[in-house]
file model_25.cif (mmCIF, C-alpha atoms; chains and numbers go by the auth columns)
data_work
#
loop_
_atom_site.group_PDB
_atom_site.id
_atom_site.type_symbol
_atom_site.label_atom_id
_atom_site.label_comp_id
_atom_site.label_asym_id
_atom_site.label_seq_id
_atom_site.Cartn_x
_atom_site.Cartn_y
_atom_site.Cartn_z
_atom_site.B_iso_or_equiv
_atom_site.auth_seq_id
_atom_site.auth_asym_id
ATOM 1 C CA MET A 1 0.000 0.000 0.000 0.00 1 A
ATOM 2 C CA PRO A 2 1.601 3.313 -1.045 0.00 2 A
ATOM 3 C CA LEU A 3 2.194 5.828 1.705 0.00 3 A
ATOM 4 C CA ALA A 4 -0.284 8.255 0.123 0.00 4 A
ATOM 5 C CA GLN A 5 -3.124 5.752 0.675 0.00 5 A
ATOM 6 C CA VAL A 6 -2.348 5.101 4.342 0.00 6 A
ATOM 7 C CA GLN A 7 -5.067 6.274 6.710 0.00 7 A
ATOM 8 C CA PRO A 8 -4.324 9.440 8.645 0.00 8 A
ATOM 9 C CA GLY A 9 -2.707 8.624 11.987 0.00 9 A
ATOM 10 C CA ARG A 10 -1.736 5.124 10.857 0.00 10 A
ATOM 11 C CA CYS A 11 1.926 6.092 10.389 0.00 11 A
ATOM 12 C CA SER A 12 2.282 7.321 13.978 0.00 12 A
ATOM 13 C CA THR A 13 0.688 4.130 15.303 0.00 13 A
ATOM 14 C CA VAL A 14 2.885 1.858 13.174 0.00 14 A
ATOM 15 C CA LEU A 15 5.972 3.876 14.151 0.00 15 A
ATOM 16 C CA CYS A 16 5.144 3.538 17.864 0.00 16 A
ATOM 17 C CA HIS A 17 4.627 -0.227 17.528 0.00 17 A
ATOM 18 C CA GLY A 18 7.901 -0.601 15.610 0.00 18 A
ATOM 19 C CA LEU A 19 9.836 1.437 18.152 0.00 19 A
ATOM 20 C CA THR A 20 8.291 -0.587 20.964 0.00 20 A
ATOM 21 C CA LEU A 21 9.352 -3.866 19.352 0.00 21 A
ATOM 22 C CA MET A 22 12.875 -2.523 18.853 0.00 22 A
ATOM 23 C CA PHE A 23 12.948 -1.368 22.505 0.00 23 A
ATOM 24 C CA TRP A 24 12.055 -4.861 23.776 0.00 24 A
ATOM 25 C CA ILE A 25 14.685 -6.483 21.553 0.00 25 A
ATOM 26 C CA ILE A 26 17.287 -4.112 23.002 0.00 26 A
ATOM 27 C CA ILE A 27 16.149 -5.001 26.535 0.00 27 A
ATOM 28 C CA VAL A 28 16.550 -8.732 25.813 0.00 28 A
ATOM 29 C CA CYS A 29 20.090 -8.007 24.572 0.00 29 A
ATOM 30 C CA PHE A 30 20.841 -6.166 27.836 0.00 30 A
ATOM 31 C CA GLY A 31 19.477 -9.162 29.759 0.00 31 A
ATOM 32 C CA VAL A 32 21.721 -11.597 27.881 0.00 32 A
ATOM 33 C CA TYR A 33 24.695 -9.255 28.404 0.00 33 A
ATOM 34 C CA ALA A 34 23.917 -9.111 32.139 0.00 34 A
ATOM 35 C CA LEU A 35 23.657 -12.928 32.343 0.00 35 A
ATOM 36 C CA ASN A 36 27.073 -13.235 30.721 0.00 36 A
ATOM 37 C CA ALA A 37 28.561 -10.623 33.068 0.00 37 A
ATOM 38 C CA VAL A 38 27.163 -12.479 36.098 0.00 38 A
ATOM 39 C CA ARG A 39 28.674 -15.701 34.789 0.00 39 A
ATOM 40 C CA GLN A 40 32.075 -14.010 34.560 0.00 40 A
ATOM 41 C CA ASP A 41 31.898 -11.984 37.784 0.00 41 A
ATOM 42 C CA ASP A 42 30.490 -14.614 40.129 0.00 42 A
ATOM 43 C CA SER A 43 32.393 -17.631 38.805 0.00 43 A
ATOM 44 C CA ILE A 44 34.337 -17.992 42.076 0.00 44 A
ATOM 45 C CA LEU A 45 31.121 -18.022 44.124 0.00 45 A
ATOM 46 C CA GLY A 46 29.110 -21.178 44.668 0.00 46 A
ATOM 47 C CA TRP A 47 25.888 -21.808 42.742 0.00 47 A
ATOM 48 C CA LEU A 48 23.734 -21.082 45.786 0.00 48 A
ATOM 49 C CA ASP A 49 25.632 -18.045 47.004 0.00 49 A
ATOM 50 C CA HIS A 50 23.132 -15.290 47.787 0.00 50 A
ATOM 51 C CA GLN A 51 25.017 -12.649 45.768 0.00 51 A
ATOM 52 C CA ARG A 52 25.144 -14.844 42.664 0.00 52 A
ATOM 53 C CA VAL A 53 21.451 -15.730 42.969 0.00 53 A
ATOM 54 C CA HIS A 54 20.584 -12.027 43.310 0.00 54 A
ATOM 55 C CA ASP A 55 22.709 -11.075 40.298 0.00 55 A
ATOM 56 C CA LEU A 56 21.188 -13.851 38.184 0.00 56 A
ATOM 57 C CA ALA A 57 17.690 -12.784 39.217 0.00 57 A
ATOM 58 C CA SER A 58 18.466 -9.182 38.240 0.00 58 A
ATOM 59 C CA ALA A 59 19.663 -10.287 34.813 0.00 59 A
ATOM 60 C CA TRP A 60 16.655 -12.563 34.267 0.00 60 A
ATOM 61 C CA MET A 61 14.337 -9.748 35.362 0.00 61 A
ATOM 62 C CA LEU A 62 15.277 -7.795 32.239 0.00 62 A
ATOM 63 C CA ILE A 63 14.266 -10.720 30.040 0.00 63 A
ATOM 64 C CA VAL A 64 11.041 -11.260 32.001 0.00 64 A
ATOM 65 C CA LEU A 65 10.151 -7.558 31.780 0.00 65 A
ATOM 66 C CA ALA A 66 10.756 -7.704 28.023 0.00 66 A
ATOM 67 C CA ALA A 67 8.421 -10.712 27.736 0.00 67 A
ATOM 68 C CA VAL A 68 5.725 -8.947 29.791 0.00 68 A
ATOM 69 C CA GLY A 69 6.176 -5.793 27.725 0.00 69 A
ATOM 70 C CA LEU A 70 5.869 -7.724 24.458 0.00 70 A
ATOM 71 C CA TYR A 71 2.694 -9.404 25.685 0.00 71 A
ATOM 72 C CA VAL A 72 1.089 -6.133 26.806 0.00 72 A
ATOM 73 C CA SER A 73 2.140 -4.550 23.493 0.00 73 A
ATOM 74 C CA TRP A 74 0.483 -7.409 21.610 0.00 74 A
ATOM 75 C CA VAL A 75 -2.722 -7.001 23.640 0.00 75 A
ATOM 76 C CA GLU A 76 -2.678 -3.234 23.042 0.00 76 A
ATOM 77 C CA ILE A 77 -2.224 -3.698 19.283 0.00 77 A
ATOM 78 C CA HIS A 78 -5.192 -6.048 19.098 0.00 78 A
ATOM 79 C CA LEU A 79 -7.315 -3.771 21.277 0.00 79 A
ATOM 80 C CA SER A 80 -6.603 -0.853 18.971 0.00 80 A
ATOM 81 C CA LYS A 81 -7.676 -2.932 15.940 0.00 81 A
ATOM 82 C CA THR A 82 -10.892 -4.254 17.498 0.00 82 A
ATOM 83 C CA PRO A 83 -13.811 -2.099 16.340 0.00 83 A
ATOM 84 C CA ASN A 84 -15.946 -2.887 19.411 0.00 84 A
ATOM 85 C CA ALA A 85 -13.222 -2.109 21.955 0.00 85 A
ATOM 86 C CA SER A 86 -13.677 0.978 24.046 0.00 86 A
ATOM 87 C CA PRO A 87 -10.925 3.572 23.684 0.00 87 A
ATOM 88 C CA SER A 88 -10.567 3.506 27.467 0.00 88 A
ATOM 89 C CA HIS A 89 -9.489 -0.158 27.307 0.00 89 A
ATOM 90 C CA SER A 90 -6.766 0.722 24.832 0.00 90 A
ATOM 91 C CA ILE A 91 -5.642 3.668 26.947 0.00 91 A
ATOM 92 C CA ALA A 92 -5.578 1.468 30.079 0.00 92 A
ATOM 93 C CA ALA A 93 -3.417 -1.113 28.281 0.00 93 A
ATOM 94 C CA GLU A 94 -1.167 1.710 27.107 0.00 94 A
ATOM 95 C CA MET A 95 -0.829 3.038 30.659 0.00 95 A
ATOM 96 C CA ILE A 96 0.192 -0.419 31.902 0.00 96 A
ATOM 97 C CA LEU A 97 2.672 -0.661 29.042 0.00 97 A
ATOM 98 C CA ALA A 98 4.059 2.791 29.870 0.00 98 A
ATOM 99 C CA VAL A 99 4.705 1.715 33.463 0.00 99 A
ATOM 100 C CA VAL A 100 6.482 -1.451 32.271 0.00 100 A
ATOM 101 C CA ILE A 101 8.548 0.535 29.740 0.00 101 A
ATOM 102 C CA VAL A 102 9.665 3.154 32.275 0.00 102 A
ATOM 103 C CA THR A 103 10.406 0.517 34.934 0.00 103 A
ATOM 104 C CA THR A 104 12.487 -1.476 32.471 0.00 104 A
ATOM 105 C CA GLY A 105 14.319 1.645 31.327 0.00 105 A
ATOM 106 C CA CYS A 106 15.195 2.532 34.916 0.00 106 A
ATOM 107 C CA PHE A 107 16.305 -1.044 35.507 0.00 107 A
ATOM 108 C CA VAL A 108 18.638 -0.873 32.495 0.00 108 A
ATOM 109 C CA ALA A 109 20.224 2.445 33.501 0.00 109 A
ATOM 110 C CA ALA A 110 22.543 0.664 35.936 0.00 110 A
ATOM 111 C CA GLY A 111 23.794 -2.869 35.589 0.00 111 A
ATOM 112 C CA PRO A 112 26.988 -4.892 35.372 0.00 112 A
ATOM 113 C CA TRP A 113 28.048 -2.661 32.469 0.00 113 A
ATOM 114 C CA SER A 114 28.331 0.286 34.901 0.00 114 A
ATOM 115 C CA GLU A 115 29.868 -1.403 37.977 0.00 115 A
ATOM 116 C CA GLN A 116 33.512 -0.524 38.576 0.00 116 A
ATOM 117 C CA ARG A 117 34.736 -4.045 39.443 0.00 117 A
ATOM 118 C CA SER A 118 32.658 -5.961 36.916 0.00 118 A
ATOM 119 C CA ALA A 119 34.188 -7.976 34.100 0.00 119 A
ATOM 120 C CA GLY A 120 31.249 -6.755 32.005 0.00 120 A
ATOM 121 C CA ARG A 121 32.061 -3.066 32.545 0.00 121 A
ATOM 122 C CA ASN A 122 31.956 -1.223 29.275 0.00 122 A
ATOM 123 C CA GLU A 123 31.601 2.529 28.847 0.00 123 A
ATOM 124 C CA LEU A 124 29.946 2.218 25.446 0.00 124 A
ATOM 125 C CA VAL A 125 27.309 -0.179 26.794 0.00 125 A
ATOM 126 C CA GLU A 126 26.870 2.053 29.849 0.00 126 A
ATOM 127 C CA SER A 127 26.235 5.062 27.589 0.00 127 A
ATOM 128 C CA PHE A 128 23.809 3.056 25.476 0.00 128 A
ATOM 129 C CA ALA A 129 22.027 1.936 28.674 0.00 129 A
ATOM 130 C CA ILE A 130 21.558 5.548 29.741 0.00 130 A
ATOM 131 C CA LEU A 131 20.269 6.428 26.266 0.00 131 A
ATOM 132 C CA THR A 132 17.894 3.466 26.483 0.00 132 A
ATOM 133 C CA TRP A 133 16.627 4.737 29.834 0.00 133 A
ATOM 134 C CA PHE A 134 16.037 8.192 28.354 0.00 134 A
ATOM 135 C CA GLY A 135 14.440 6.612 25.278 0.00 135 A
ATOM 136 C CA SER A 136 12.099 4.606 27.495 0.00 136 A
ATOM 137 C CA LEU A 137 10.738 7.835 28.944 0.00 137 A
ATOM 138 C CA LEU A 138 10.195 9.314 25.484 0.00 138 A
ATOM 139 C CA LEU A 139 8.640 6.090 24.169 0.00 139 A
ATOM 140 C CA ALA A 140 6.227 5.787 27.098 0.00 140 A
ATOM 141 C CA VAL A 141 5.060 9.395 26.771 0.00 141 A
ATOM 142 C CA SER A 142 4.703 9.177 22.980 0.00 142 A
ATOM 143 C CA LYS A 143 2.705 5.931 23.208 0.00 143 A
ATOM 144 C CA LEU A 144 0.380 7.490 25.781 0.00 144 A
ATOM 145 C CA VAL A 145 -0.144 10.557 23.585 0.00 145 A
ATOM 146 C CA VAL A 146 -0.856 8.414 20.511 0.00 146 A
ATOM 147 C CA ALA A 147 -3.254 6.236 22.516 0.00 147 A
ATOM 148 C CA CYS A 148 -5.155 9.245 23.821 0.00 148 A
ATOM 149 C CA LEU A 149 -5.347 10.861 20.387 0.00 149 A
ATOM 150 C CA ARG A 150 -5.871 7.646 18.388 0.00 150 A
ATOM 151 C CA GLU A 151 -9.500 8.357 17.515 0.00 151 A
ATOM 152 C CA ARG A 152 -8.719 11.911 16.522 0.00 152 A
ATOM 153 C CA LEU A 153 -5.703 10.832 14.441 0.00 153 A
ATOM 154 C CA ARG A 154 -7.692 8.192 12.599 0.00 154 A
ATOM 155 C CA GLY A 155 -10.828 10.273 12.253 0.00 155 A
ATOM 156 C CA ASN A 156 -14.225 8.817 13.058 0.00 156 A
ATOM 157 C CA PHE A 157 -14.138 6.155 10.341 0.00 157 A
ATOM 158 C CA ASN A 158 -15.581 2.785 11.287 0.00 158 A
ATOM 159 C CA SER A 159 -14.383 -0.568 9.968 0.00 159 A
ATOM 160 C CA SER A 160 -16.510 -0.304 6.793 0.00 160 A
ATOM 161 C CA GLY A 161 -14.874 2.980 5.836 0.00 161 A
ATOM 162 C CA ALA A 162 -17.867 5.167 6.605 0.00 162 A
ATOM 163 C CA HIS A 163 -17.544 8.297 8.695 0.00 163 A
ATOM 164 C CA ALA A 164 -19.823 8.750 11.709 0.00 164 A
ATOM 165 C CA SER A 165 -21.653 11.434 9.703 0.00 165 A
ATOM 166 C CA GLY A 166 -22.334 8.965 6.843 0.00 166 A
ATOM 167 C CA GLN A 167 -19.548 10.137 4.529 0.00 167 A
ATOM 168 C CA THR A 168 -17.082 7.686 3.061 0.00 168 A
ATOM 169 C CA LYS A 169 -13.324 8.245 3.181 0.00 169 A
ATOM 170 C CA GLU A 170 -13.334 9.491 -0.406 0.00 170 A
ATOM 171 C CA GLU A 171 -16.072 12.061 0.315 0.00 171 A
ATOM 172 C CA SER A 172 -14.477 13.490 3.443 0.00 172 A
ATOM 173 C CA PRO A 173 -12.657 16.830 3.155 0.00 173 A
#
call {"tool": "encode", "arguments": {"input": "model_25.cif", "output": "structure tokens"}}
result
Amino acid sequence: MPLAQVQPGRCSTVLCHGLTLMFWIIIVCFGVYALNAVRQDDSILGWLDHQRVHDLASAWMLIVLAAVGLYVSWVEIHLSKTPNASPSHSIAAEMILAVVIVTTGCFVAAGPWSEQRSAGRNELVESFAILTWFGSLLLAVSKLVVACLRERLRGNFNSSGAHASGQTKEESP
């Protein structure tokens, strides 16, 4: 479908969904990086040492948060496509997603990549983690704005292409 034929507001929605997917992929990469850093840092500790268990749980938490975020994103996408769904349901799902995104971004801001004595310390990864944290704030706010303005961005067209006033998409100004 050429870009000229895309419904108004559809580009911003598709862009938000694409950025969200990319955000969760980045979070999974941070989780895998953290798991590897824990493996290197805590290799002298026993398997049941409380510090190693805590570090492993912190690394796995990033992957779990990414899975939860992907699921809530999937639910939100399907809610926005359902013609019978109330806009408040979509906004509620978006608010939950925003909380998960911001929490995950804050969780990523500091990790084994920023600890002084960690084998996984890397200034480039630390800088990228801080940018990811900042990006999580921007992504959460932009998704909330798009969710709140979704009906206005799309116009009042129903699934058959008719406007609430009876006009079709071709007849609308």
call {"tool": "closest_residue", "arguments": {"input": "model_25.cif", "among": "A:Val102, A:Gln116, A:Ile26, A:Leu144", "to": "Ser88 of chain A", "atoms": "only C-alpha atoms"}}
result
A:Leu144
call {"tool": "closest_residue", "arguments": {"input": "model_25.cif", "among": "A:Pro87, A:Ile96, A:Tyr33, A:His78", "to": "Arg152 of chain A", "atoms": "all atoms listed in the file"}}
result
A:Pro87
call {"tool": "closest_residue", "arguments": {"input": "model_25.cif", "among": "A:Val32, A:Val141, A:Asp41, A:Ala67", "to": "Glu115 of chain A", "atoms": "only C-alpha atoms"}}
result
A:Asp41
call {"tool": "closest_residue", "arguments": {"input": "model_25.cif", "among": "A:Val38, A:Trp133, A:Ser80, A:Arg117", "to": "Val14 of chain A", "atoms": "all atoms listed in the file"}}
result
A:Ser80
call {"tool": "residues_near_point", "arguments": {"input": "model_25.cif", "point": "(9.9, 8.5, 19.3)", "cutoff": "8 Å", "atoms": "all atoms listed in the file", "output": "list of chain:residue names"}}
result
A:Leu15, A:Cys16, A:Leu19, A:Gly135, A:Leu138, A:Leu139, A:Ser142
call {"tool": "closest_residue", "arguments": {"input": "model_25.cif", "among": "A:Arg121, A:Lys81, A:Arg52, A:Lys143", "to": "Val99 of chain A", "atoms": "all atoms listed in the file"}}
result
A:Lys143
call {"tool": "atom_distance", "arguments": {"input": "model_25.cif", "atom1": "atom CA of Met95 of chain A", "atom2": "atom CA of Val75 of chain A"}}
result
12.4 Å
call {"tool": "closest_residue", "arguments": {"input": "model_25.cif", "among": "A:Gln40, A:Ser73, A:Thr82, A:Ser90", "to": "Ala119 of chain A", "atoms": "only C-alpha atoms"}}
result
A:Gln40
call {"tool": "build_atoms", "arguments": {"input": "model_25.cif", "residues": "segment 123-134 of chain A", "atoms": "all heavy atoms", "output": "short mmCIF file (atom, residue, chain, number, x, y, z; two decimals), in the coordinates of the input"}}
result
data_model
loop_
_atom_site.label_atom_id
_atom_site.label_comp_id
_atom_site.auth_asym_id
_atom_site.auth_seq_id
_atom_site.Cartn_x
_atom_site.Cartn_y
_atom_site.Cartn_z
N GLU A 123 32.12 1.16 28.89
CA GLU A 123 31.60 2.53 28.85
C GLU A 123 30.62 2.74 27.69
O GLU A 123 29.65 3.49 27.83
CB GLU A 123 32.75 3.52 28.76
CG GLU A 123 33.55 3.61 30.05
CD GLU A 123 34.65 4.65 29.99
OE1 GLU A 123 34.60 5.52 29.09
OE2 GLU A 123 35.54 4.60 30.84
N LEU A 124 30.87 2.09 26.58
CA LEU A 124 29.95 2.22 25.45
C LEU A 124 28.58 1.63 25.79
O LEU A 124 27.54 2.25 25.54
CB LEU A 124 30.52 1.53 24.21
CG LEU A 124 29.65 1.58 22.96
CD1 LEU A 124 29.48 3.03 22.50
CD2 LEU A 124 30.24 0.73 21.86
N VAL A 125 28.57 0.45 26.40
CA VAL A 125 27.31 -0.18 26.79
C VAL A 125 26.64 0.65 27.89
O VAL A 125 25.41 0.80 27.89
CB VAL A 125 27.54 -1.63 27.25
CG1 VAL A 125 26.27 -2.27 27.75
CG2 VAL A 125 28.13 -2.45 26.11
N GLU A 126 27.43 1.20 28.80
CA GLU A 126 26.87 2.05 29.85
C GLU A 126 26.19 3.29 29.24
O GLU A 126 25.09 3.66 29.64
CB GLU A 126 27.97 2.48 30.82
CG GLU A 126 27.49 3.33 31.96
CD GLU A 126 28.61 3.75 32.89
OE1 GLU A 126 29.79 3.45 32.60
OE2 GLU A 126 28.30 4.38 33.91
N SER A 127 26.83 3.90 28.26
CA SER A 127 26.24 5.06 27.59
C SER A 127 24.97 4.68 26.85
O SER A 127 23.97 5.40 26.89
CB SER A 127 27.24 5.67 26.61
OG SER A 127 28.37 6.13 27.28
N PHE A 128 25.00 3.53 26.18
CA PHE A 128 23.81 3.06 25.48
C PHE A 128 22.68 2.74 26.45
O PHE A 128 21.51 2.97 26.16
CB PHE A 128 24.15 1.84 24.62
CG PHE A 128 23.04 1.42 23.71
CD1 PHE A 128 22.57 2.27 22.72
CD2 PHE A 128 22.45 0.18 23.84
CE1 PHE A 128 21.54 1.90 21.88
CE2 PHE A 128 21.42 -0.21 23.01
CZ PHE A 128 20.97 0.64 22.02
N ALA A 129 23.03 2.23 27.65
CA ALA A 129 22.03 1.94 28.67
C ALA A 129 21.36 3.22 29.15
O ALA A 129 20.14 3.26 29.34
CB ALA A 129 22.67 1.20 29.85
N ILE A 130 22.13 4.27 29.31
CA ILE A 130 21.56 5.55 29.74
C ILE A 130 20.68 6.13 28.64
O ILE A 130 19.60 6.66 28.90
CB ILE A 130 22.68 6.52 30.16
CG1 ILE A 130 23.33 6.00 31.45
CG2 ILE A 130 22.14 7.93 30.36
CD1 ILE A 130 24.60 6.70 31.84
N LEU A 131 21.11 5.99 27.39
CA LEU A 131 20.27 6.43 26.27
C LEU A 131 18.99 5.61 26.18
O LEU A 131 17.92 6.14 25.86
CB LEU A 131 21.04 6.33 24.96
CG LEU A 131 22.10 7.41 24.72
CD1 LEU A 131 22.88 7.10 23.45
CD2 LEU A 131 21.46 8.77 24.62
N THR A 132 19.09 4.32 26.48
CA THR A 132 17.89 3.47 26.48
C THR A 132 16.93 3.90 27.58
O THR A 132 15.72 3.91 27.38
CB THR A 132 18.29 1.99 26.66
OG1 THR A 132 19.19 1.63 25.61
CG2 THR A 132 17.09 1.07 26.63
N TRP A 133 17.47 4.24 28.74
CA TRP A 133 16.63 4.74 29.83
C TRP A 133 15.90 6.01 29.40
O TRP A 133 14.69 6.14 29.59
CB TRP A 133 17.48 5.00 31.08
CG TRP A 133 16.77 5.81 32.10
CD1 TRP A 133 15.72 5.42 32.89
CD2 TRP A 133 17.03 7.18 32.44
NE1 TRP A 133 15.34 6.47 33.70
CE2 TRP A 133 16.12 7.55 33.45
CE3 TRP A 133 17.96 8.11 31.99
CZ2 TRP A 133 16.11 8.82 34.00
CZ3 TRP A 133 17.95 9.36 32.55
CH2 TRP A 133 17.03 9.70 33.54
N PHE A 134 16.64 6.95 28.82
CA PHE A 134 16.04 8.19 28.35
C PHE A 134 15.02 7.91 27.24
O PHE A 134 13.93 8.48 27.21
CB PHE A 134 17.12 9.16 27.86
CG PHE A 134 16.60 10.50 27.46
CD1 PHE A 134 16.07 11.37 28.39
CD2 PHE A 134 16.62 10.88 26.13
CE1 PHE A 134 15.56 12.60 28.02
CE2 PHE A 134 16.13 12.12 25.74
CZ PHE A 134 15.60 12.97 26.69
#
